[in-house]
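What's in input_27.cif: mmCIF, C-alpha atoms and all ligand atoms
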```cif
data_target
loop_
_atom_site.label_atom_id
_atom_site.label_comp_id
_atom_site.auth_asym_id
_atom_site.auth_seq_id
_atom_site.Cartn_x
_atom_site.Cartn_y
_atom_site.Cartn_z
CA MET A 574 107.99 90.62 81.35
CA LYS A 575 106.79 93.76 83.08
CA PRO A 576 108.83 94.83 86.12
CA LYS A 577 107.04 94.11 89.40
CA ILE A 578 106.59 97.28 91.44
CA ALA A 579 105.70 97.75 95.11
CA ILE A 580 104.93 100.90 97.08
CA PHE A 581 105.38 100.83 100.87
CA SER A 582 104.97 103.35 103.69
CA LEU A 583 106.74 103.74 107.00
CA THR A 584 106.31 106.71 109.40
CA GLY A 585 105.06 109.73 107.48
CA CYS A 586 101.85 111.15 106.10
CA GLU A 587 101.93 108.79 103.05
CA GLY A 588 101.61 111.86 100.84
CA CYS A 589 104.37 110.56 98.57
CA SER A 590 102.52 107.27 97.94
CA LEU A 591 99.41 109.31 97.33
CA ALA A 592 101.31 111.41 94.79
CA ILE A 593 101.66 108.25 92.68
CA LEU A 594 97.89 107.76 92.67
CA GLU A 595 97.53 111.44 91.71
CA LEU A 596 99.47 110.95 88.48
CA GLU A 597 96.10 110.50 86.74
CA ASP A 598 96.78 110.57 82.94
CA GLN A 599 100.30 109.21 83.27
CA LEU A 600 99.23 106.51 85.72
CA LEU A 601 97.48 104.51 82.98
CA ASP A 602 100.64 104.54 80.82
CA ILE A 603 102.75 103.50 83.81
CA LEU A 604 100.32 100.72 84.67
CA GLY A 605 100.63 99.49 81.10
CA ALA A 606 104.40 99.18 81.44
CA VAL A 607 104.74 97.76 84.98
CA GLU A 608 102.89 95.35 87.24
CA ILE A 609 102.05 96.74 90.68
CA VAL A 610 102.15 93.77 93.06
CA ASN A 611 102.05 95.37 96.53
CA PHE A 612 100.55 98.77 97.36
CA ARG A 613 98.50 99.05 100.55
CA GLU A 614 97.01 102.43 99.56
CA GLY A 615 95.84 101.20 96.18
CA MET A 616 95.10 97.43 96.23
CA THR A 617 94.43 94.45 98.49
CA GLU A 618 96.71 91.83 96.83
CA ARG A 619 100.21 91.33 98.28
CA SER A 620 103.25 89.79 96.61
CA TRP A 621 106.83 89.83 97.91
CA ASP A 622 108.52 89.03 94.59
CA ILE A 623 109.45 92.64 93.73
CA ASP A 624 111.77 94.23 91.16
CA ILE A 625 111.48 97.86 92.29
CA GLY A 626 110.18 98.87 95.72
CA PHE A 627 109.34 102.50 96.49
CA VAL A 628 109.20 103.46 100.18
CA ASP A 629 107.93 106.67 101.76
CA GLY A 630 108.22 107.60 105.43
CA ALA A 631 111.14 107.54 107.84
CA VAL A 632 112.40 104.78 110.10
CA SER A 633 110.94 106.08 113.34
CA THR A 634 109.67 103.03 115.29
CA PRO A 635 111.01 99.55 116.08
CA GLU A 636 108.37 98.20 113.65
CA ASP A 637 109.73 100.48 110.88
CA GLU A 638 113.18 98.96 111.40
CA LYS A 639 111.82 95.44 110.87
CA GLU A 640 109.73 96.53 107.89
CA ILE A 641 112.54 98.28 105.99
CA ILE A 642 114.78 95.23 106.39
CA ARG A 643 111.96 93.06 105.00
CA PHE A 644 111.43 95.48 102.08
CA ARG A 645 115.17 95.50 101.31
CA GLU A 646 115.27 91.70 101.28
CA SER A 647 112.21 91.53 98.99
CA CYS A 648 113.14 94.23 96.43
CA LYS A 649 115.90 93.98 93.83
CA THR A 650 115.99 97.80 93.66
CA LEU A 651 114.95 99.93 96.64
CA VAL A 652 113.95 103.56 96.11
CA ALA A 653 113.37 106.10 98.92
CA ILE A 654 110.60 108.54 97.97
CA GLY A 655 110.07 111.85 99.76
CA SER A 656 111.96 113.82 102.38
CA CYS A 657 110.98 111.46 105.22
CA ALA A 658 112.51 108.43 103.49
CA CYS A 659 115.50 110.24 101.94
CA LEU A 660 116.41 112.61 104.78
CA GLY A 661 114.40 111.53 107.83
CA GLY A 662 112.35 114.68 107.12
CA ILE A 663 110.13 116.38 109.62
CA ASN A 664 110.09 113.23 111.77
CA THR A 665 113.64 114.00 112.87
CA LEU A 666 112.51 117.11 114.75
CA LYS A 667 111.65 114.76 117.61
CA ASN A 668 115.30 113.71 117.84
CA TYR A 669 116.00 117.10 119.42
CA GLN A 670 113.24 116.87 122.04
CA PRO A 671 113.23 114.90 125.31
CA GLU A 672 111.56 111.57 124.43
CA ASP A 673 109.30 111.51 127.50
CA GLU A 674 107.98 114.96 126.68
CA TYR A 675 107.08 114.46 123.01
CA ARG A 676 105.57 111.03 123.66
CA ARG A 677 103.37 112.44 126.43
CA TYR A 678 102.47 115.44 124.24
CA VAL A 679 101.40 113.26 121.29
CA TYR A 680 99.93 110.20 123.00
CA GLY A 681 99.12 111.33 126.55
CA ASP A 682 98.64 108.40 128.96
CA LYS A 683 98.61 105.93 126.01
CA ALA A 684 102.29 106.61 125.17
CA ILE A 685 103.30 103.16 126.39
CA TRP A 686 101.33 101.65 123.48
CA PHE A 687 103.47 103.48 120.89
CA PRO A 688 107.17 102.61 121.11
CA THR A 689 109.46 105.03 119.29
CA ILE A 690 113.12 105.44 118.35
CA ALA A 691 115.18 108.32 116.91
CA ALA A 692 113.92 109.01 113.37
CA ARG A 693 116.32 108.25 110.54
CA ALA A 694 116.52 108.15 106.77
CA LEU A 695 116.13 104.68 105.19
CA SER A 696 119.79 104.73 104.16
CA ALA A 697 120.78 104.75 107.84
CA VAL A 698 119.38 101.23 108.17
CA VAL A 699 119.59 99.53 104.74
CA LYS A 700 121.23 100.09 101.36
CA VAL A 701 119.11 102.44 99.25
CA ASP A 702 119.62 102.37 95.48
CA TYR A 703 117.93 105.65 94.52
CA GLU A 704 116.39 108.64 96.28
CA LEU A 705 113.57 110.89 95.03
CA PRO A 706 113.45 113.69 97.64
CA GLY A 707 110.83 116.37 98.27
CA CYS A 708 107.82 116.86 100.53
CA PRO A 709 106.02 115.40 98.76
CA MET A 710 108.30 113.88 96.13
CA ILE A 711 108.10 115.56 92.74
CA LYS A 712 105.67 113.57 90.56
CA GLU A 713 107.50 114.49 87.34
CA GLU A 714 110.74 113.21 88.84
CA PHE A 715 109.02 109.93 89.72
CA VAL A 716 107.82 109.55 86.12
CA ARG A 717 111.31 110.37 84.81
CA PHE A 718 112.76 107.76 87.17
CA VAL A 719 110.31 105.07 86.01
CA LYS A 720 111.08 105.85 82.36
CA CYS A 721 114.83 105.57 83.04
CA MET A 722 114.34 102.20 84.73
CA LEU A 723 112.16 100.91 81.88
CA THR A 724 114.59 102.00 79.17
CA GLY A 725 117.83 101.18 80.98
CA ARG A 726 118.99 104.80 81.03
CA PRO A 727 120.89 106.17 84.05
CA PHE A 728 118.93 108.28 86.53
CA GLU A 729 120.50 111.19 88.37
CA LEU A 730 119.18 113.97 90.57
CA PRO A 731 120.06 117.58 89.68
CA ASP A 732 123.38 118.48 91.30
CA TYR A 733 122.74 122.23 91.41
CA ALA A 734 120.75 124.53 93.68
CA VAL A 735 117.09 125.61 93.60
CA CYS A 736 118.36 129.12 92.83
CA VAL A 737 119.25 128.01 89.29
CA GLU A 738 115.63 127.09 88.56
CA CYS A 739 114.40 130.18 90.38
CA LYS A 740 116.61 132.49 88.28
CA LYS A 741 115.50 130.77 85.07
CA LYS A 742 111.91 131.62 85.98
CA GLY A 743 112.82 135.27 86.40
CA ASN A 744 111.71 135.48 90.05
CA LEU A 745 112.82 138.41 92.16
CA CYS A 746 115.15 136.92 94.77
CA LEU A 747 113.61 136.84 98.25
CA TYR A 748 116.92 138.03 99.73
CA GLU A 749 116.21 141.36 97.98
CA LYS A 750 113.14 141.60 100.25
CA GLY A 751 115.12 140.64 103.36
CA VAL A 752 113.77 137.06 103.48
CA ILE A 753 116.21 134.22 104.14
CA CYS A 754 115.64 131.38 101.67
CA LEU A 755 117.33 127.96 101.58
CA GLY A 756 117.40 127.93 97.77
CA PRO A 757 121.18 128.50 97.52
CA VAL A 758 121.96 125.34 99.51
CA THR A 759 119.08 123.05 98.45
CA ARG A 760 119.01 120.50 95.63
CA ALA A 761 117.01 121.63 92.61
CA GLY A 762 114.37 119.60 90.80
CA CYS A 763 111.15 121.17 92.11
CA ASP A 764 111.18 123.99 89.55
CA ALA A 765 111.62 126.40 92.46
CA ILE A 766 107.94 126.09 93.25
CA CYS A 767 108.01 127.83 96.66
CA PRO A 768 109.85 131.04 95.70
CA SER A 769 107.79 131.14 92.49
CA PHE A 770 104.75 131.58 94.74
CA GLY A 771 106.48 134.02 97.08
CA SER A 772 107.47 131.54 99.84
CA LYS A 773 111.00 130.86 100.93
CA CYS A 774 112.58 127.50 100.13
CA GLU A 775 112.68 125.37 103.29
CA GLY A 776 115.04 122.76 101.96
CA CYS A 777 112.66 119.82 101.52
CA ARG A 778 114.84 118.28 98.78
CA GLY A 779 117.89 118.16 100.99
CA ILE A 780 121.03 120.14 101.16
CA LEU A 781 123.77 120.04 98.52
CA GLY A 782 127.29 118.96 99.49
CA HIS A 783 129.87 120.83 101.54
CA GLU A 784 131.36 122.59 98.51
CA ALA A 785 128.03 124.17 97.52
CA LEU A 786 127.36 125.11 101.14
CA CYS A 787 130.67 126.88 101.52
CA ALA A 788 130.27 128.71 98.19
CA ALA A 789 126.76 129.83 99.16
CA GLY A 790 128.06 130.97 102.54
CA VAL A 791 130.65 133.23 100.91
CA ASN A 792 128.18 134.66 98.35
CA LEU A 793 125.45 135.38 100.87
CA ARG A 794 127.85 137.08 103.26
CA GLU A 795 129.30 139.24 100.48
CA GLN A 796 126.01 140.12 98.75
CA TYR A 797 123.50 140.33 101.59
CA ASP A 798 125.57 140.33 104.80
CA VAL A 799 123.82 137.09 105.82
CA SER A 800 125.81 134.34 107.52
CA LEU A 801 125.51 130.68 106.62
CA ASP A 802 124.45 130.03 110.23
CA ASP A 803 121.43 132.28 109.72
CA VAL A 804 120.54 130.40 106.51
CA LEU A 805 120.83 127.06 108.23
CA ALA A 806 118.72 128.14 111.20
CA ASP A 807 115.64 127.18 109.15
CA PHE A 808 117.25 124.01 108.00
CA ARG A 809 116.06 121.73 110.80
CA LEU A 810 112.48 121.47 109.54
CA PHE A 811 113.47 118.87 106.95
CA GLY A 812 117.20 118.54 107.42
CA ALA A 813 117.78 117.78 111.08
CA TYR A 814 119.16 114.34 110.25
CA GLN A 815 121.58 115.91 107.74
CA GLU A 816 123.10 118.16 110.41
CA LYS A 817 125.79 115.58 111.06
CA ASP A 818 126.99 116.16 107.45
CA LEU A 819 127.34 119.91 107.81
CA PRO A 820 130.75 121.60 107.95
S1 LIG A 901 107.95 113.51 102.54
FE1 LIG A 901 106.23 114.85 103.07
S2 LIG A 901 104.53 114.12 101.78
FE2 LIG A 901 106.11 112.50 101.79
S3 LIG A 901 105.50 111.11 103.46
FE3 LIG A 901 106.95 112.60 104.33
S4 LIG A 901 105.65 114.24 105.17
FE4 LIG A 901 104.38 113.05 103.76
S1 LIG A 902 114.38 133.41 96.08
FE1 LIG A 902 115.53 131.74 97.03
S2 LIG A 902 115.67 130.19 95.43
FE2 LIG A 902 115.12 132.11 94.42
S3 LIG A 902 117.09 133.00 93.78
FE3 LIG A 902 116.57 133.86 95.80
S4 LIG A 902 117.61 132.52 97.25
FE4 LIG A 902 117.53 131.43 95.31
S1 LIG A 903 111.50 125.32 96.79
FE1 LIG A 903 112.59 124.29 98.45
S2 LIG A 903 111.00 123.79 99.98
FE2 LIG A 903 109.97 124.30 98.05
S3 LIG A 903 109.66 122.32 97.01
FE3 LIG A 903 111.61 123.17 96.27
S4 LIG A 903 113.17 122.30 97.63
FE4 LIG A 903 111.20 122.02 98.64
#
```
Would you mind writing the file out in C-alpha cells?
Ligand code: SF4
Ligand code: SF4
Ligand code: SF4
Amino acid sequence: MKPKIAIFSLTGCEGCSLAILELEDQLLDILGAVEIVNFREGMTERSWDIDIGFVDGAVSTPEDEKEIIRFRESCKTLVAIGSCACLGGINTLKNYQPEDEYRRYVYGDKAIWFPTIAARALSAVVKVDYELPGCPMIKEEFVRFVKCMLTGRPFELPDYAVCVECKKKGNLCLYEKGVICLGPVTRAGCDAICPSFGSKCEGCRGILGHEALCAAGVNLREQYDVSLDDVLADFRLFGAYQEKDLP
C-alpha cells in the first residue's frame, strides 16, 4: 500500500507547497511511490485518512489554530515545512508591533473582518514529528525526507552551521568584507546558497542550539571584533519566535 500524503497551508505565502509542485522530474517518481490524497494547491479531491501530512505556514489566526489541530488528528505523521511552520518565520515580526497598528496598516477599515493572534510555530500548538526548515524549504531535503520515510531509514537535519557548507564551497567569508552574516549560528542544509551568491545568511533555517551560539560568539569576537548581539540583530526576520530560546 502506498502511503497517503497530504499537503496543507496555514498563514504564509504557500511557497513551500509550491516547491513540491516544482520538483518536476522527481515529482513523477514520488507520485509513483505515494498517494496524494489532500492538496488544495494541486487537486480538488479531499481525504482525511492521511499517513504523512506536510504543513506550511505559521499559526497566526484563530482559524489556523483550529486547522492545525484538525491536521494533527488526521495525520499519523505531521511534518512542518518551511520557516513559517518550523519557526513562525516572518509572520512573527508582527508579534513585536502593536496589534491595532499592524491590523490597520494591512487591512485598513476592514481589519475587523480579519481576526489575528500572535504568530507561532506549529510545534507551539501541536506535536510535530519532523521539521524541514527554510524559506522556502529545501526541495532536495524534502526528497531526502520522503525517501527516508519510504525506506524506513531515520531522517535527521544537519546539526552544524551554514559556515561548514560555505567553507566547503571555497567562498570568501563575508566577515572579511565587513558584512555580518548569520551563517555561524544557522543550521546548514541549504548548501550555503546566499553567501555563495554574495548575500549574507539571514537565518531562514533557524538557529543552532545554545552551545553553537556561544562558540560562534567567542570566535566572532576574537576574529572580527563582532559581538553576538550584533550578529543576532538581523535574527528577527525569521527567528523572532526563537528569541525566547536565546541565552
Ligand atoms: S517559509 Fe517562506 S516560502 Fe515557505 S510559506 Fe513561509 S514565507 Fe512562504
Ligand atoms: S560568509 Fe557567512 S556562511 Fe560563509 S563562512 Fe562567512 S559567516 Fe559563514
Ligand atoms: S544561507 Fe541562510 S538565509 Fe540563505 S537559505 Fe541558507 S539558511 Fe537560509
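What separates atom S4 of ligand LIG 901 (chain A) from atom CA of Val719 of chain A is a distance of 21.7 Å.
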Which residues sit within 10 Å of ligand LIG 903 (chain A), counting only C-alpha atoms and all ligand atoms, listed as JSON, numbers by chain?
{"A": [656, 706, 707, 708, 709, 710, 711, 734, 735, 736, 738, 739, 754, 755, 756, 757, 758, 759, 760, 761, 762, 763, 764, 765, 766, 767, 768, 769, 770, 772, 773, 774, 775, 776, 777, 778, 779, 780, 810, 811]}
(Q) Using all atoms listed in the file and a cutoff of 10 Å, can you tell me which residues are near (115.6, 106.5, 105.6) in the file's coordinates, and write them out as a ChimeraX atom specification? (A) /A:583,628-633,637-638,641,653-662,692-701,704,814
Since we have the selection now, will you write its residues out, keeping C-alpha atoms, as a short mmCIF file (atom, residue, chain, number, x, y, z; two decimals), keeping the file's coordinate frame?
```cif
data_model
loop_
_atom_site.label_atom_id
_atom_site.label_comp_id
_atom_site.auth_asym_id
_atom_site.auth_seq_id
_atom_site.Cartn_x
_atom_site.Cartn_y
_atom_site.Cartn_z
CA LEU A 583 106.74 103.74 107.00
CA VAL A 628 109.20 103.46 100.18
CA ASP A 629 107.93 106.67 101.76
CA GLY A 630 108.22 107.60 105.43
CA ALA A 631 111.14 107.54 107.84
CA VAL A 632 112.40 104.78 110.10
CA SER A 633 110.94 106.08 113.34
CA ASP A 637 109.73 100.48 110.88
CA GLU A 638 113.18 98.96 111.40
CA ILE A 641 112.54 98.28 105.99
CA ALA A 653 113.37 106.10 98.92
CA ILE A 654 110.60 108.54 97.97
CA GLY A 655 110.07 111.85 99.76
CA SER A 656 111.96 113.82 102.38
CA CYS A 657 110.98 111.46 105.22
CA ALA A 658 112.51 108.43 103.49
CA CYS A 659 115.50 110.24 101.94
CA LEU A 660 116.41 112.61 104.78
CA GLY A 661 114.40 111.53 107.83
CA GLY A 662 112.35 114.68 107.12
CA ALA A 692 113.92 109.01 113.37
CA ARG A 693 116.32 108.25 110.54
CA ALA A 694 116.52 108.15 106.77
CA LEU A 695 116.13 104.68 105.19
CA SER A 696 119.79 104.73 104.16
CA ALA A 697 120.78 104.75 107.84
CA VAL A 698 119.38 101.23 108.17
CA VAL A 699 119.59 99.53 104.74
CA LYS A 700 121.23 100.09 101.36
CA VAL A 701 119.11 102.44 99.25
CA GLU A 704 116.39 108.64 96.28
CA TYR A 814 119.16 114.34 110.25
#
```
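The gap separating atom CA of Thr617 of chain A from atom CA of Phe715 of chain A is 23.0 Å, in Å to one decimal.
In this comparison, which uses all atoms listed in the file, the residue of A:Lys750, A:His783, A:Lys667, A:Arg794 approaching ligand LIG 902 (chain A) most closely is A:Lys750.
Take atom CA of Gly681 of chain A and atom CA of Thr634 of chain A: the distance between them is 17.5 Å.
Closest approach to Thr689 of chain A from the set A:Glu646, A:Glu636, A:Asp803, A:Glu729 is made by A:Glu636, with distances taken over all atoms listed in the file.
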